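Let me begin by presenting the structure, written as structure tokens, before commenting on it.
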Amino acid sequence: MEFRRIMAMQITDSDGYATYRQHMTPIMEEYGGRFDFDFKISEVLKKCCDVEINRVFVIVFPSKQRSIEFFADPRYKEVRKKYFENSVGSVTQIAEFEGE
């Protein structure tokens, strides 16, 4: 069964985040990962916590273990530090689940 995470974020630097995605995607794909949905959000009608959200996406891996391995990969951590940390204001995990 595939492992999915629904994530919401506040992107503060669109160009920096695009560069992050460009560099992390090949590494993610090595672990069988992909994005199934990716939305830019212009209006949030309800949220559970006090964070701003302007991006929502679903990231999918073949298993939870493959997801853990990807996020622990030193190459990914380097890309995250270089591009993600300066372009994202907040990260909120909405849900994670296994299924098809």
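Ordering of the structure tokens sets the chain letters (A, B, ...); residue numbers start at 1 within each chain; ligands are numbered from 1 in the order shown.
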Q: Going by DSSP on the backbone, which bits of region 7-58 of chain A are strand (DSSP E or B)? Write them as a ChimeraX atom specification, please.
A: /A:7-11,34-40,55-58
Using only C-alpha atoms, what table do you get, as a tab-separated table, when you list each residue of region 66-89 of chain A with an atom no more than 7 Å from region 8-17 of chain A, its nearest pair of atoms, and their distance in Å rounded to one decimal, rows by chain then rising number?
residue	atom	partner	partner_atom	distance
A:Tyr83	CA	A:Gly16	CA	5.9
A:Phe84	CA	A:Tyr17	CA	6.1
A:Ser87	CA	A:Asp13	CA	4.5
A:Val88	CA	A:Ile11	CA	4.5
A:Gly89	CA	A:Gln10	CA	5.2
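When the distance limit is 7 Å and only C-alpha atoms are what count, the residues near Arg34 (chain A), minus those fewer than 2 positions from it on the same chain, are Met28, Glu29, Gly32, Asp36, Ile59, Val60 and Phe61 of chain A.
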(Q) At a cut-off of 10 Å, using only C-alpha atoms, what residues contact Ala95 (chain A)? Leave out same-chain residues fewer than 4 positions from it and give the result as a list in words. (A) Arg4, Arg5, Ile6, Met7, Ala8 and Val58 of chain A
Q | Computed interatomic separation between CA of Arg80 (chain A) and CA of Ile41 (chain A) (Å) | A |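 Separation of CA of Arg80 (chain A) and CA of Ile41 (chain A): 22.2 Å.
When only C-alpha atoms are used to compute distances to Val79 (chain A), the closest of the residues A:Ile53, A:Ile27, A:Val91, A:Leu45 turns out to be A:Ile27.
Shortest atom-to-atom contact with Glu98 (chain A) among A:Asn54, A:Thr25, A:Gln65, A:Ser42: A:Gln65, counting only C-alpha atoms.
Shortest atom-to-atom contact with Arg21 (chain A) among A:Asp38, A:Met1, A:Glu100, A:Lys64: A:Asp38, counting only C-alpha atoms.
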(Q) Taking only chain A into account, list the residues labelled helix (DSSP H, G or I) by DSSP (computed from the backbone), as a ChimeraX atom specification. (A) /A:14-30,64-72,74-84
